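Printed here is final32.txt (compact mmCIF, C-alpha atoms):
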# COMPACT_ATOMS: atom_id res chain seq x y z
CA MET A 1 -14.91 0.31 -44.18
CA ILE A 2 -14.45 4.02 -44.89
CA LYS A 3 -12.33 4.76 -47.97
CA THR A 4 -10.40 8.00 -47.88
CA ASP A 5 -7.21 9.70 -49.03
CA VAL A 6 -5.80 10.48 -45.60
CA VAL A 7 -6.44 9.45 -42.00
CA ILE A 8 -5.22 12.13 -39.62
CA ILE A 9 -4.39 10.95 -36.12
CA GLY A 10 -4.88 13.85 -33.73
CA ALA A 11 -7.31 16.76 -33.85
CA GLY A 12 -4.99 19.36 -32.35
CA PRO A 13 -4.10 22.57 -34.21
CA THR A 14 -1.55 20.82 -36.43
CA GLY A 15 -3.93 18.05 -37.49
CA LEU A 16 -6.71 20.57 -38.12
CA PHE A 17 -4.59 22.81 -40.31
CA CYS A 18 -3.25 19.81 -42.22
CA ALA A 19 -6.89 18.88 -42.89
CA HIS A 20 -7.39 22.38 -44.25
CA GLN A 21 -4.45 22.02 -46.59
CA LEU A 22 -5.73 18.63 -47.77
CA GLY A 23 -9.12 20.19 -48.47
CA ILE A 24 -7.50 23.01 -50.41
CA ILE A 25 -5.67 20.59 -52.71
CA GLY A 26 -8.79 18.47 -53.17
CA LEU A 27 -8.09 15.47 -50.96
CA LYS A 28 -10.44 13.84 -48.48
CA CYS A 29 -9.57 12.99 -44.92
CA GLU A 30 -10.94 11.47 -41.74
CA ILE A 31 -9.75 12.72 -38.35
CA VAL A 32 -9.43 10.46 -35.30
CA ASP A 33 -8.78 11.71 -31.76
CA ASN A 34 -8.74 10.02 -28.39
CA LEU A 35 -10.27 13.04 -26.63
CA ASP A 36 -14.01 13.63 -26.66
CA LYS A 37 -13.48 17.07 -28.15
CA ILE A 38 -11.55 18.76 -30.94
CA GLY A 39 -8.43 20.78 -30.14
CA GLY A 40 -5.80 18.50 -28.60
CA GLN A 41 -3.52 20.02 -25.98
CA CYS A 42 -4.90 23.49 -26.77
CA ILE A 43 -8.32 22.50 -25.52
CA GLU A 44 -7.33 19.95 -22.89
CA LEU A 45 -4.36 21.61 -21.24
CA TYR A 46 -4.71 25.34 -21.80
CA PRO A 47 -8.11 26.38 -23.20
CA ASP A 48 -7.96 29.68 -21.28
CA LYS A 49 -4.26 30.41 -21.49
CA PRO A 50 -3.33 33.04 -24.06
CA ILE A 51 -0.99 32.14 -26.91
CA TYR A 52 1.11 35.02 -28.29
CA ASP A 53 3.00 33.47 -31.19
CA ILE A 54 0.47 32.55 -33.84
CA PRO A 55 1.45 34.60 -36.92
CA ALA A 56 -0.83 37.62 -37.43
CA VAL A 57 -2.79 36.79 -34.27
CA PRO A 58 -1.30 38.90 -31.46
CA LYS A 59 -3.14 37.00 -28.75
CA CYS A 60 -5.65 34.17 -28.58
CA THR A 61 -6.54 31.38 -26.18
CA GLY A 62 -6.27 27.69 -26.93
CA GLU A 63 -10.03 27.54 -27.25
CA GLU A 64 -10.22 30.50 -29.65
CA LEU A 65 -7.47 29.05 -31.83
CA THR A 66 -9.30 25.72 -31.96
CA ASN A 67 -12.64 27.34 -32.81
CA ASN A 68 -11.06 29.35 -35.61
CA LEU A 69 -9.39 26.27 -37.08
CA ILE A 70 -12.69 24.36 -36.94
CA GLU A 71 -14.36 27.29 -38.72
CA GLN A 72 -11.60 27.31 -41.34
CA ILE A 73 -12.12 23.66 -42.33
CA LYS A 74 -15.93 23.73 -42.19
CA PRO A 75 -16.36 24.01 -45.98
CA PHE A 76 -14.76 20.57 -46.44
CA ASN A 77 -17.18 18.70 -44.13
CA PHE A 78 -14.51 16.29 -42.90
CA ASN A 79 -15.57 13.62 -40.41
CA PHE A 80 -14.25 13.56 -36.88
CA HIS A 81 -14.01 10.30 -34.95
CA LEU A 82 -13.66 11.43 -31.34
CA SER A 83 -13.15 9.36 -28.17
CA ASP A 84 -11.48 6.80 -30.40
CA ARG A 85 -7.91 5.78 -30.99
CA VAL A 86 -6.13 4.29 -33.98
CA GLN A 87 -5.01 0.91 -32.79
CA GLU A 88 -3.69 -1.07 -35.75
CA LEU A 89 -2.15 -0.33 -39.13
CA LYS A 90 -1.66 -2.85 -41.88
CA ASN A 91 -0.30 -2.34 -45.37
CA GLU A 92 -2.02 -4.14 -48.23
CA ASN A 93 -1.36 -3.39 -51.93
CA ASN A 94 0.03 0.05 -51.13
CA LYS A 95 -3.02 0.95 -49.06
CA TRP A 96 -3.11 1.34 -45.34
CA LEU A 97 -5.84 -0.50 -43.47
CA VAL A 98 -6.53 1.32 -40.23
CA LYS A 99 -8.45 -0.08 -37.27
CA THR A 100 -9.60 1.91 -34.26
CA LEU A 101 -10.30 0.91 -30.68
CA ASN A 102 -14.05 1.33 -31.29
CA GLY A 103 -13.88 -0.99 -34.28
CA LYS A 104 -13.94 1.55 -37.09
CA GLU A 105 -12.01 0.63 -40.22
CA PHE A 106 -10.48 2.86 -42.85
CA GLU A 107 -8.76 2.18 -46.15
CA THR A 108 -6.42 5.01 -47.03
CA THR A 109 -3.34 5.79 -49.08
CA ASN A 110 -1.91 8.06 -46.41
CA ILE A 111 -1.74 8.47 -42.66
CA VAL A 112 -0.73 11.71 -41.02
CA ILE A 113 0.28 11.37 -37.39
CA ALA A 114 -0.36 14.68 -35.67
CA GLY A 115 -0.45 13.11 -32.26
CA GLY A 116 1.31 15.71 -30.12
CA VAL A 117 2.95 13.85 -27.27
CA GLY A 118 0.56 10.95 -27.60
CA SER A 119 -3.00 10.32 -26.57
CA PHE A 120 -4.47 11.58 -23.34
CA GLU A 121 -5.13 8.90 -20.75
CA PRO A 122 -6.20 9.31 -17.14
CA ARG A 123 -3.39 9.34 -14.61
CA LYS A 124 -3.63 6.29 -12.43
CA PHE A 125 -2.80 5.53 -8.81
CA PRO A 126 0.88 4.69 -8.30
CA THR A 127 0.02 1.69 -6.11
CA LYS A 128 0.44 -1.68 -7.78
CA SER A 129 -2.42 -3.21 -5.81
CA ALA A 130 -4.86 -0.76 -7.42
CA GLU A 131 -4.31 -2.36 -10.84
CA LYS A 132 -6.13 -5.50 -9.73
CA TYR A 133 -9.34 -3.51 -9.22
CA ASP A 134 -8.86 -1.17 -12.20
CA GLY A 135 -12.14 -0.67 -14.05
CA LYS A 136 -14.12 -2.55 -11.42
CA SER A 137 -13.86 -0.76 -8.08
CA VAL A 138 -10.88 1.52 -8.77
CA LEU A 139 -12.09 4.03 -11.32
CA TYR A 140 -10.73 7.13 -13.05
CA SER A 141 -13.97 8.24 -14.69
CA ILE A 142 -17.63 7.65 -14.01
CA LYS A 143 -20.04 6.28 -16.55
CA ASP A 144 -22.89 5.16 -14.29
CA LYS A 145 -23.23 6.92 -10.95
CA THR A 146 -26.01 4.63 -9.70
CA ILE A 147 -23.44 1.92 -8.84
CA PHE A 148 -22.30 4.06 -5.89
CA LYS A 149 -25.71 4.24 -4.19
CA ASP A 150 -25.41 3.48 -0.46
CA LYS A 151 -21.74 2.50 -0.92
CA SER A 152 -18.56 3.87 0.66
CA VAL A 153 -16.60 5.85 -1.89
CA ALA A 154 -13.08 7.23 -1.40
CA ILE A 155 -12.31 10.05 -3.82
CA PHE A 156 -8.75 11.31 -4.41
CA GLY A 157 -7.85 14.66 -5.98
CA GLY A 158 -8.20 18.40 -5.53
CA GLY A 159 -9.50 19.59 -8.88
CA ASP A 160 -12.98 20.14 -10.21
CA SER A 161 -13.65 16.51 -11.12
CA ALA A 162 -12.83 15.32 -7.61
CA LEU A 163 -14.82 18.09 -5.93
CA ASP A 164 -17.85 17.86 -8.25
CA TRP A 165 -18.14 14.10 -7.82
CA ALA A 166 -17.63 14.32 -4.05
CA ILE A 167 -20.52 16.81 -3.89
CA GLU A 168 -22.72 14.85 -6.29
CA LEU A 169 -22.15 11.44 -4.71
CA SER A 170 -22.55 12.75 -1.14
CA ASN A 171 -26.33 12.69 -1.76
CA SER A 172 -26.49 8.93 -1.91
CA SER A 173 -23.09 7.52 -0.86
CA LYS A 174 -20.74 7.72 2.09
CA VAL A 175 -17.99 9.88 0.62
CA THR A 176 -14.44 10.40 1.85
CA LEU A 177 -12.46 13.04 -0.05
CA ILE A 178 -8.69 12.77 0.26
CA HIS A 179 -6.26 15.40 -1.04
CA ARG A 180 -2.52 15.87 -0.61
CA ARG A 181 -2.70 19.48 0.64
CA ASP A 182 -5.12 21.95 2.23
CA GLU A 183 -5.63 24.05 -0.89
CA PHE A 184 -7.85 22.87 -3.72
CA ARG A 185 -7.53 23.91 -7.34
CA GLY A 186 -11.25 23.45 -8.05
CA ALA A 187 -13.71 26.32 -8.50
CA PRO A 188 -14.05 28.47 -5.34
CA ALA A 189 -17.81 27.74 -5.09
CA SER A 190 -17.13 23.98 -5.09
CA VAL A 191 -14.37 24.34 -2.50
CA GLN A 192 -16.82 26.30 -0.30
CA LYS A 193 -19.45 23.60 -0.74
CA ILE A 194 -16.98 20.85 0.18
CA LYS A 195 -16.05 22.72 3.37
CA GLU A 196 -19.74 23.02 4.28
CA LEU A 197 -20.37 19.32 3.64
CA SER A 198 -17.32 18.50 5.72
CA ASP A 199 -18.41 20.80 8.58
CA ASN A 200 -21.86 19.21 8.76
CA LYS A 201 -20.28 15.73 8.51
CA THR A 202 -21.96 14.82 5.22
CA ILE A 203 -18.56 13.97 3.78
CA ASN A 204 -15.34 12.95 5.46
CA LEU A 205 -12.61 15.34 4.29
CA ILE A 206 -8.98 14.31 4.83
CA THR A 207 -6.15 16.53 3.63
CA LYS A 208 -2.37 16.10 3.57
CA TYR A 209 -2.77 12.40 2.87
CA SER A 210 -2.24 10.34 -0.27
CA ILE A 211 -2.95 6.76 -1.27
CA LYS A 212 -0.71 4.01 0.08
CA ASP A 213 -2.51 0.79 -0.73
CA VAL A 214 -5.88 -0.73 -1.52
CA LYS A 215 -7.01 -3.78 0.40
CA GLY A 216 -9.61 -6.41 -0.27
CA ASN A 217 -10.36 -10.04 -0.47
CA GLY A 218 -11.83 -10.57 -3.90
CA SER A 219 -13.75 -7.34 -3.70
CA LEU A 220 -12.34 -4.04 -2.53
CA GLU A 221 -12.76 -3.40 1.19
CA SER A 222 -10.58 -0.49 2.24
CA VAL A 223 -7.97 1.99 1.18
CA GLU A 224 -4.87 2.79 3.18
CA ILE A 225 -3.66 6.37 3.13
CA LYS A 226 -0.46 7.96 4.37
CA SER A 227 0.68 11.41 5.38
CA GLU A 228 4.08 12.77 4.46
CA THR A 229 5.22 12.24 8.04
CA GLY A 230 4.30 8.56 7.84
CA ASP A 231 0.94 8.50 9.64
CA ILE A 232 -1.38 5.86 8.25
CA LYS A 233 -5.16 5.70 8.20
CA VAL A 234 -7.44 3.00 6.85
CA ILE A 235 -10.69 4.09 5.21
CA LYS A 236 -13.50 1.68 4.44
CA ALA A 237 -14.23 1.82 0.71
CA ASP A 238 -16.30 -0.13 -1.78
CA TYR A 239 -15.04 2.14 -4.55
CA VAL A 240 -11.91 4.24 -4.96
CA LEU A 241 -11.98 7.09 -7.46
CA GLY A 242 -8.87 8.96 -8.65
CA PHE A 243 -9.04 12.31 -10.43
CA PHE A 244 -5.50 13.39 -11.23
CA GLY A 245 -6.04 14.78 -14.69
CA LEU A 246 -4.70 13.30 -17.89
CA ILE A 247 -1.29 12.21 -19.03
CA MET A 248 -0.04 11.81 -22.57
CA GLN A 249 0.98 8.32 -23.67
CA LEU A 250 2.47 7.41 -27.01
CA GLY A 251 0.35 4.25 -26.96
CA PRO A 252 -0.01 2.05 -30.07
CA ILE A 253 2.02 4.45 -32.28
CA ALA A 254 5.13 2.84 -30.77
CA GLU A 255 4.15 -0.50 -32.30
CA TRP A 256 3.81 0.44 -35.96
CA GLY A 257 7.44 -0.09 -36.92
CA LEU A 258 8.22 3.60 -37.15
CA ASN A 259 11.66 4.85 -36.27
CA LEU A 260 11.46 6.52 -32.88
CA ASP A 261 13.76 8.97 -31.16
CA LYS A 262 12.65 8.99 -27.50
CA LYS A 263 8.96 9.80 -27.85
CA THR A 264 9.24 11.48 -31.26
CA ILE A 265 9.23 10.28 -34.87
CA PRO A 266 12.08 11.31 -37.19
CA VAL A 267 10.90 12.69 -40.54
CA ASN A 268 12.42 14.27 -43.61
CA THR A 269 11.81 17.98 -43.97
CA GLU A 270 10.74 17.83 -47.60
CA ASN A 271 7.33 16.30 -46.94
CA PHE A 272 7.50 15.05 -43.33
CA GLU A 273 7.25 11.42 -44.32
CA THR A 274 8.49 8.85 -41.81
CA ASN A 275 10.48 5.71 -42.58
CA LYS A 276 7.20 4.13 -43.72
CA LYS A 277 5.88 5.05 -47.14
CA GLY A 278 2.61 6.95 -46.85
CA ILE A 279 2.94 7.65 -43.14
CA PHE A 280 3.71 11.24 -42.28
CA ALA A 281 4.32 12.83 -38.88
CA ILE A 282 3.81 16.50 -38.09
CA GLY A 283 3.66 18.79 -35.07
CA ASP A 284 5.12 18.03 -31.65
CA ILE A 285 5.43 14.32 -32.40
CA CYS A 286 7.89 14.70 -35.27
CA THR A 287 11.56 15.51 -35.04
CA TYR A 288 14.23 16.73 -37.46
CA PRO A 289 17.32 18.94 -37.15
CA GLY A 290 16.19 22.34 -35.92
CA LYS A 291 12.69 21.22 -34.93
CA LEU A 292 10.78 23.77 -32.88
CA LYS A 293 7.71 22.67 -30.93
CA LEU A 294 5.66 25.64 -32.02
CA ILE A 295 2.14 25.61 -33.40
CA LEU A 296 3.32 27.63 -36.39
CA SER A 297 5.92 24.96 -37.21
CA GLY A 298 3.12 22.38 -37.08
CA PHE A 299 1.15 24.41 -39.62
CA HIS A 300 4.09 24.49 -42.01
CA GLU A 301 4.72 20.78 -41.55
CA GLY A 302 1.03 20.04 -42.22
CA ALA A 303 1.05 22.06 -45.43
CA LEU A 304 4.02 20.13 -46.81
CA ALA A 305 2.77 16.74 -45.60
CA ALA A 306 -0.53 17.40 -47.41
CA ARG A 307 1.39 17.77 -50.70
CA GLY A 308 3.27 14.60 -49.83
CA CYS A 309 -0.07 12.80 -49.46
CA PHE A 310 -1.20 14.00 -52.89
CA LYS A 311 1.46 11.93 -54.61
CA TYR A 312 0.09 8.64 -53.22
CA ALA A 313 -3.60 9.59 -53.27
CA ARG A 314 -3.55 10.76 -56.91
CA PRO A 315 -0.66 8.84 -58.49
CA ASP A 316 -1.81 9.65 -62.00
CA GLU A 317 -2.21 13.38 -61.45
CA LYS A 318 0.40 16.07 -61.25
CA TYR A 319 0.10 18.34 -58.24
CA ARG A 320 -0.22 21.94 -59.32
CA PHE A 321 0.56 24.73 -56.88
CA GLU A 322 -2.16 27.39 -56.63
CA PHE A 323 -2.89 30.44 -54.49
CA THR A 324 -6.17 30.66 -52.57
CA THR A 325 -6.49 34.30 -53.66
CA ALA A 326 -6.43 33.42 -57.35
CA SER A 327 -7.60 29.85 -57.92
CA SER A 328 -11.22 29.35 -58.88
CA THR A 329 -10.85 25.61 -58.18
CA ILE A 330 -9.85 26.33 -54.60
CA LYS A 331 -12.64 28.87 -54.23
CA ASP A 332 -15.10 26.20 -55.38
CA ARG A 333 -13.73 23.80 -52.78
CA LEU A 334 -14.15 26.48 -50.13
CA GLY A 335 -17.65 27.24 -51.35
CA VAL A 336 -16.76 30.89 -51.87
CA LYS A 337 -19.13 32.76 -54.13
CA GLU A 338 -17.86 35.71 -56.12
CA MET B 1 26.31 29.01 -15.47
CA ALA B 2 25.47 26.69 -12.60
CA LYS B 3 26.54 23.21 -11.70
CA ILE B 4 23.38 21.15 -11.13
CA LYS B 5 23.29 17.63 -9.80
CA TYR B 6 20.45 15.39 -10.94
CA ILE B 7 19.97 12.18 -8.98
CA GLU B 8 17.84 9.47 -10.52
CA PHE B 9 15.48 7.46 -8.34
CA ASN B 10 17.92 4.54 -8.49
CA GLY B 11 20.65 6.75 -7.04
CA LYS B 12 22.60 7.37 -10.25
CA GLU B 13 24.05 10.87 -10.22
CA HIS B 14 24.56 13.24 -13.13
CA GLU B 15 26.33 16.54 -12.58
CA ILE B 16 26.27 19.00 -15.45
CA GLU B 17 26.80 22.68 -16.06
CA VAL B 18 23.63 24.40 -17.18
CA PRO B 19 23.82 27.84 -18.81
CA ASN B 20 21.99 30.70 -17.15
CA GLY B 21 18.52 31.28 -18.52
CA MET B 22 17.78 27.64 -19.22
CA THR B 23 15.48 25.79 -16.86
CA VAL B 24 16.56 22.89 -14.69
CA MET B 25 14.20 20.78 -16.83
CA GLU B 26 15.89 21.88 -20.07
CA GLY B 27 19.30 21.14 -18.57
CA ALA B 28 18.23 17.53 -18.07
CA VAL B 29 16.50 17.13 -21.43
CA HIS B 30 19.39 18.66 -23.42
CA GLY B 31 21.89 16.70 -21.35
CA ASN B 32 20.04 13.44 -22.10
CA ILE B 33 19.57 12.77 -18.40
CA PRO B 34 16.81 10.23 -17.89
CA GLY B 35 14.00 10.71 -15.39
CA ILE B 36 12.54 14.01 -16.55
CA ASP B 37 9.99 13.68 -19.34
CA ALA B 38 8.68 17.23 -19.79
CA ASP B 39 5.86 16.18 -22.10
CA CYS B 40 4.41 19.67 -22.49
CA GLY B 41 7.80 21.22 -23.18
CA GLY B 42 7.89 23.62 -20.25
CA GLY B 43 4.37 25.04 -20.27
CA MET B 44 3.57 24.09 -16.67
CA SER B 45 0.80 21.92 -18.10
CA CYS B 46 1.78 18.31 -17.51
CA ALA B 47 3.70 17.69 -14.24
CA THR B 48 6.18 15.29 -15.88
CA CYS B 49 9.31 17.27 -14.93
CA HIS B 50 8.66 16.78 -11.23
CA VAL B 51 11.68 16.79 -8.88
CA TYR B 52 12.29 16.84 -5.13
CA ILE B 53 14.59 19.33 -3.44
CA ASN B 54 15.71 17.27 -0.48
CA ASP B 55 17.94 19.96 1.02
CA ASP B 56 15.64 22.24 3.00
CA GLU B 57 18.03 25.21 2.74
CA TRP B 58 18.00 24.93 -1.03
CA PHE B 59 14.22 24.52 -1.15
CA LYS B 60 13.81 27.82 0.72
CA LYS B 61 16.39 29.54 -1.46
CA LEU B 62 14.58 28.76 -4.72
CA PRO B 63 12.21 31.32 -6.20
CA GLU B 64 8.71 30.77 -4.82
CA LYS B 65 6.17 28.76 -6.76
CA GLU B 66 4.02 30.77 -9.10
CA MET B 67 0.27 30.38 -9.27
CA GLY B 68 -0.56 27.06 -10.80
CA GLU B 69 2.58 25.11 -9.98
CA ASP B 70 1.03 23.45 -6.92
CA ASP B 71 -2.12 22.72 -8.92
CA MET B 72 -0.01 20.84 -11.46
CA LEU B 73 1.97 19.10 -8.71
CA ASP B 74 -1.33 17.69 -7.40
CA GLN B 75 -1.29 15.54 -10.53
CA ALA B 76 2.34 14.47 -10.29
CA TYR B 77 3.54 11.08 -9.12
CA GLU B 78 4.00 11.10 -5.32
CA PRO B 79 4.20 14.84 -4.75
CA LYS B 80 5.65 15.99 -1.41
CA SER B 81 6.04 19.33 0.30
CA ASN B 82 9.54 19.63 -1.21
CA SER B 83 8.32 18.96 -4.75
CA ARG B 84 8.94 21.39 -7.62
CA LEU B 85 8.39 21.39 -11.35
CA SER B 86 11.86 21.68 -12.83
CA CYS B 87 10.52 23.67 -15.80
CA GLN B 88 9.81 26.50 -13.38
CA LEU B 89 13.37 26.67 -12.03
CA ILE B 90 15.35 29.07 -14.17
CA VAL B 91 19.09 28.61 -13.88
CA SER B 92 21.28 31.47 -12.70
CA ASP B 93 24.59 31.67 -10.84
CA ASP B 94 22.52 31.53 -7.65
CA LEU B 95 21.55 27.93 -8.41
CA ASP B 96 25.18 26.76 -8.59
CA GLY B 97 25.42 23.59 -6.50
CA LEU B 98 21.70 22.72 -6.56
CA THR B 99 20.80 19.04 -6.28
CA VAL B 100 17.47 17.70 -7.49
CA HIS B 101 16.14 14.20 -6.89
CA MET B 102 13.86 12.51 -9.40
CA PRO B 103 10.71 10.67 -8.38
CA GLU B 104 10.33 6.97 -9.15
CA LYS B 105 8.49 7.88 -12.34
CA GLN B 106 6.87 10.79 -14.13
CA VAL B 107 3.25 9.80 -14.51

How does the structure come out when it is put into structure tokens?
Amino acid sequence: MIKTDVVIIGAGPTGLFCAHQLGIIGLKCEIVDNLDKIGGQCIELYPDKPIYDIPAVPKCTGEELTNNLIEQIKPFNFNFHLSDRVQELKNENNKWLVKTLNGKEFETTNIVIAGGVGSFEPRKFPTKSAEKYDGKSVLYSIKDKTIFKDKSVAIFGGGDSALDWAIELSNSSKVTLIHRRDEFRGAPASVQKIKELSDNKTINLITKYSIKDVKGNGSLESVEIKSETGDIKVIKADYVLGFFGLIMQLGPIAEWGLNLDKKTIPVNTENFETNKKGIFAIGDICTYPGKLKLILSGFHEGALAARGCFKYARPDEKYRFEFTTASSTIKDRLGVKE
Amino acid sequence: MAKIKYIEFNGKEHEIEVPNGMTVMEGAVHGNIPGIDADCGGGMSCATCHVYINDDEWFKKLPEKEMGEDDMLDQAYEPKSNSRLSCQLIVSDDLDGLTVHMPEKQV
């Protein structure tokens, strides 16, 4: 059990800056994120795309913004719990007991939900029949590639994951790569390699087809694919792999008794607290009159939520507003030597 | 201003006037029309505002896809050759009378 002042759900820009503000006012926090890296949408969806509306930063990419925020909170040595998801919340004696998917437990006075549009999950095949084999022979990520040795593998997708795995597995498996159009979005070198492997018959490349059904009797035997004009092919497959990127799902957050408005959480604009005492929501996931889904709004919301957390984390202390330029206490916290 | 018709997968029709400059996606979201999620808020980063343009004449009339739209559509639910991301369709008088069909879901 880790005892802390605040558990932040989501390591995107809003969660990171809220952590900074908590550090500045002397609170501790632990940060949990479902992704295997820090940065949220900035790092997962647009690491290379320039952002033009961060105050005083005329232009930076999602990755640069993330790296700068990580640098900014370094002095506080906060812990990150990546590839994990907060699953359960329970209130006991005005403390929140938090459990994660990987079995970590926290005791905290505050929770800040900075969850964007939810946690990133792999996009799955639309076919119902694929669910039956999910995690066994229908896979959306690969942990152990040795299971595919000498097997027939049907890979769907046109991005780097699909291409890289098709190339990699073609060494030891019978690979069929299926994509809905002739163009691939993967790296040009990989696309070139795939074309070579297809020309010399190492892999079976089928374009302008998508999945229709998976068939099997106990274990998976084949996958049925269809073209837009209705042509159907059946491909022998021991494994079916889908690489369609990630989608954001609200997930367990929907089950914590918070008021929800579509996929967002209503908050007050004084400290961004939700209908539950000690649970705050900031960034894209919160809503209030006039809400803008801008990173800068998330920063503001995080700063105010941090002060809101202080009240519950230090009930016997009075929060005192200080400037970073002038406060020696803050400079100590930042480890600044003068 | 353009009159846009949104047809849900179950056939339910919604016809609304969308001001010029808004996107077809925003028209649906602001008009509380179900079937378009737009998780990323219009950044061409999520493929959850996917629609079909079933009328071929209309499909050809729309501004061409920019780089990246087809890459995102690869990840959409049941993309077809008449698929578009509605966040990339900016409303003008020229779009008056456009009909978009929603996919079964936005995943």

Between atom CA of A:Asp231 and atom CA of A:Lys212, what is the distance, to one decimal in Å?
10.7 Å

Show me, as a PDB file with C-alpha atoms, keeping the file's coordinate frame, the residues of chain A whose atoms get within 7 Å of chain B, using only C-alpha atoms for the distance check.
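For reference, out.pdb as written:
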ATOM      1  CA  LEU A  45      -4.360  21.610 -21.240  1.00  0.00           C
ATOM      2  CA  VAL A 117       2.950  13.850 -27.270  1.00  0.00           C
ATOM      3  CA  ARG A 123      -3.390   9.340 -14.610  1.00  0.00           C
ATOM      4  CA  PRO A 126       0.880   4.690  -8.300  1.00  0.00           C
ATOM      5  CA  ARG A 185      -7.530  23.910  -7.340  1.00  0.00           C
ATOM      6  CA  GLU A 228       4.080  12.770   4.460  1.00  0.00           C
ATOM      7  CA  PHE A 244      -5.500  13.390 -11.230  1.00  0.00           C
ATOM      8  CA  GLY A 245      -6.040  14.780 -14.690  1.00  0.00           C
ATOM      9  CA  ILE A 247      -1.290  12.210 -19.030  1.00  0.00           C
TER      10      ILE A 247
END

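Every polymer residue reaching to within 10 Å of (-14.4, 12.7, 4.0), counting only C-alpha atoms, appears in this list: Val153, Ala154, Ile155, Ala166, Ser170, Lys174, Val175, Thr176, Leu177, Ile178, His179, Ile194, Leu197, Ser198, Lys201, Thr202, Ile203, Asn204, Leu205, Ile206, Thr207 and Ile235 of chain A.
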
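Among the candidates B:Asn54, B:Asn20, B:Asn10, B:Asn82, the one nearest to B:Asp96 when counting all atoms listed in the file is B:Asn20.
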
Can you tell me which residues surround A:Leu139 at a distance of at most 7 Å, considering only C-alpha atoms, apart from same-chain residues fewer than 3 positions away, and format the answer as a VMD selection string?
chain A and resid 134 to 136 240 to 242

Between atom CA of A:Gln41 and atom CA of A:Gly12, distance in Å (one decimal):
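Taking atom CA of A:Gln41 and atom CA of A:Gly12, their separation equals 6.6 Å.
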
Residue neighbourhood stretch 97-108 of chain A, 8 Å, only C-alpha atoms, exclusion window fewer than 6 positions, as a list in words:
Met1, Ile2, Lys3, Thr4, Asp5, Val6, Val7, Asp84, Arg85, Val86, Gln87, Glu88, Leu89, Lys90 and Asn91 of chain A

B:Pro19 proximity check over B:Arg84, B:Met67, B:Ile36, B:Met1, using all atoms listed in the file: winner is B:Met1

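Interatomic distance, atom CA of A:Ala189 to atom CA of A:Lys59: 29.3 Å.
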
Within 10 Å of A:Ile147, counting all atoms listed in the file, which residues show up once you throw out same-chain ones fewer than 5 positions away? Write them as an MDAnalysis selection string, please.
chainID A and resid 137 142 173 239

Could you pull the residues within 10 Å of stretch 22-32 of chain A, counting all atoms listed in the file, minus those fewer than 6 positions along the same chain, as JSON, numbers by chain?
{"A": [2, 3, 4, 5, 6, 7, 8, 9, 10, 11, 15, 16, 38, 73, 74, 75, 76, 77, 78, 79, 80, 81, 82, 83, 84, 85, 86, 100, 106, 108, 110, 111, 112, 113, 114, 115, 302, 303, 304, 305, 306, 307, 309, 310, 313, 314, 319, 320, 321, 322, 323, 324, 329, 330, 331, 332, 333, 334]}

Extract, using all atoms listed in the file, all DNA, RNA and protein residues at most 12 Å from A:Gly230, discarding same-chain residues fewer than 3 positions from it, and format them as a PyMOL selection string.
(chain A and resi 208-212+224-227+233) or (chain B and resi 80)
